[in-house]
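Let me begin by presenting the structure, written as structure tokens, before commenting on it.
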Amino acid sequence: FFPAEFVSGFSAGLSNCAQVVIPSLFPFMVSASLLGESDLPPLLKRMLDPVMRRLFGQPAESAVAVFIGLLGGYPSGVRSASALYENGKISRKQAESLMLFCINSGAGFCINALGNSLLNSERAGKIIFASLCFSALITGLFSKPKKDLQNQKIDSREGKPFAKIFVDSVASGASGIINVSAFATLFSGLISVASIMIKNKNAMIAVSCLLEITSGCASAAGKIPLPMIAIACAFGGLCVHMQIFASAGNLKPDIRKFLLFRILHAALAGIICAVLLKLFPVALQTIVPLTDSAEL
């Protein structure tokens, strides 16, 4: 019914993938697989193990997924958890617990794309990124597997030479980035069509954020307060959720529990962002509240 609008949105999505998504996400997708198949140095493993078990009920190996998840972008932490499970370093239940909180917008998107480009304020991007990181870690405290599952027997896998690991990781990262780009471009086209039918600007911003977060942030920047943008980035939207489940491989967490943790992450991110703005104010021109006549 709306071919021209869909093609226009789809093309904009492709451009966004080329300029923002692939450059910021692909290196982390490769790293997620590479680190998921490699062994931690013994000293680092001894240092991390008690911390990870106390905080998240996870072995030291899971720190890779936490680190990649915080810095890399939405599906990279989940892809790392899947790689750890597939290579016999953590159990299925441990990997599925990681899927509940190793999900973040990523430093590249928050600081460069959102802060510098959309909000015209690197500081605003850093505050949003810090809010998401703190929120994700706090959310992780509630994701601990049951005690009888924390030390679940893990099937050990035969190690591979580094050359094989590297080649497989690049191929895996490429496969992952194609999945991410496919969802992003499809939803960008759908948002373009939705804009024809939804005339209220604030309602359209909400729909965009719920469907595809990059387009949502582009439409929301400068129009809604920063804590609301942090909430949207933490929740991720339907497109991100599909990317995550596509990256999960054989892992199949409970969808209701997954959405509950997304809502918890979003709520905490909004609160933390509001607190950080009190401590580190951002220039008011980067924050334009909704008008009094807004219908939403």
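A note on labels: chains of the structure tokens are A, B, ... as shown, every chain counts residues from 1, and ligands are counted from 1 in their shown order.
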Would you list the contacts of A:Leu119 as a PyMOL selection string, taking every protein, DNA or RNA residue within 7 Å and counting only C-alpha atoms, but skipping same-chain residues closer than 2 positions in sequence?
-> chain A and resi 114-117+121+221-222+286
Polymer residues at most 8 Å from stretch 1-17 of chain A, only C-alpha atoms, same-chain spacing of 5 or more positions, as a ChimeraX atom specification = /A:22,181,184-193
As a ChimeraX atom specification, please: all residues of stretch 67-251 of chain A that backbone DSSP puts in alpha helix (DSSP H).
-> /A:67-72,74-86,92-98,107,122-140,147-150,162-197,201-211,213-220,226-235,238-247
Contact residues around stretch 30-46 of chain A with only C-alpha atoms at 6 Å, ignoring same-chain residues under 5 positions, as a PyMOL selection string | chain A and resi 60+80+83-84+169-170+173
Stretch 69-104 of chain A near stretch 128-143 of chain A within 12 Å: what's each residue's closest atom pair and its distance in Å to one decimal, counting only C-alpha atoms, ordered by chain then ascending residue number, as JSON lines?
```
{"residue": "A:Gly69", "atom": "CA", "partner": "A:Ala136", "partner_atom": "CA", "distance": 9.2}
{"residue": "A:Leu70", "atom": "CA", "partner": "A:Cys133", "partner_atom": "CA", "distance": 6.0}
{"residue": "A:Leu71", "atom": "CA", "partner": "A:Cys133", "partner_atom": "CA", "distance": 8.5}
{"residue": "A:Gly72", "atom": "CA", "partner": "A:Cys133", "partner_atom": "CA", "distance": 11.3}
{"residue": "A:Gly73", "atom": "CA", "partner": "A:Phe129", "partner_atom": "CA", "distance": 10.9}
{"residue": "A:Tyr74", "atom": "CA", "partner": "A:Leu132", "partner_atom": "CA", "distance": 11.3}
{"residue": "A:Gly77", "atom": "CA", "partner": "A:Ala136", "partner_atom": "CA", "distance": 11.5}
{"residue": "A:Lys93", "atom": "CA", "partner": "A:Ser143", "partner_atom": "CA", "distance": 10.6}
{"residue": "A:Gln94", "atom": "CA", "partner": "A:Ser143", "partner_atom": "CA", "distance": 9.4}
{"residue": "A:Ala95", "atom": "CA", "partner": "A:Ser143", "partner_atom": "CA", "distance": 10.8}
{"residue": "A:Glu96", "atom": "CA", "partner": "A:Ser143", "partner_atom": "CA", "distance": 9.3}
{"residue": "A:Ser97", "atom": "CA", "partner": "A:Ser143", "partner_atom": "CA", "distance": 5.7}
{"residue": "A:Leu98", "atom": "CA", "partner": "A:Ser143", "partner_atom": "CA", "distance": 7.5}
{"residue": "A:Met99", "atom": "CA", "partner": "A:Ser143", "partner_atom": "CA", "distance": 9.2}
{"residue": "A:Leu100", "atom": "CA", "partner": "A:Ser143", "partner_atom": "CA", "distance": 6.7}
{"residue": "A:Phe101", "atom": "CA", "partner": "A:Gly140", "partner_atom": "CA", "distance": 5.3}
{"residue": "A:Cys102", "atom": "CA", "partner": "A:Ala136", "partner_atom": "CA", "distance": 7.0}
{"residue": "A:Ile103", "atom": "CA", "partner": "A:Ala136", "partner_atom": "CA", "distance": 7.3}
{"residue": "A:Asn104", "atom": "CA", "partner": "A:Leu132", "partner_atom": "CA", "distance": 6.6}
```
Provide the atom CA of A:Ile205 to atom CA of A:Ser219 distance in Å, to one decimal place.
->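 Separation of atom CA of A:Ile205 and atom CA of A:Ser219: 6.0 Å.
Distance-wise, atom CA of A:Ile90 and atom CA of A:Phe26 end up 23.8 Å apart.
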Of the residues A:Ile244, A:Leu226, A:Ile213, A:Val78, which is the one nearest to A:Ala283, using only C-alpha atoms?
-> A:Leu226
For atom CA of A:Leu251 and atom CA of A:Gln58, determine how far apart the two atoms are, in Å to one decimal place.
->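 Result for atom CA of A:Leu251 versus atom CA of A:Gln58: 16.4 Å, one decimal.
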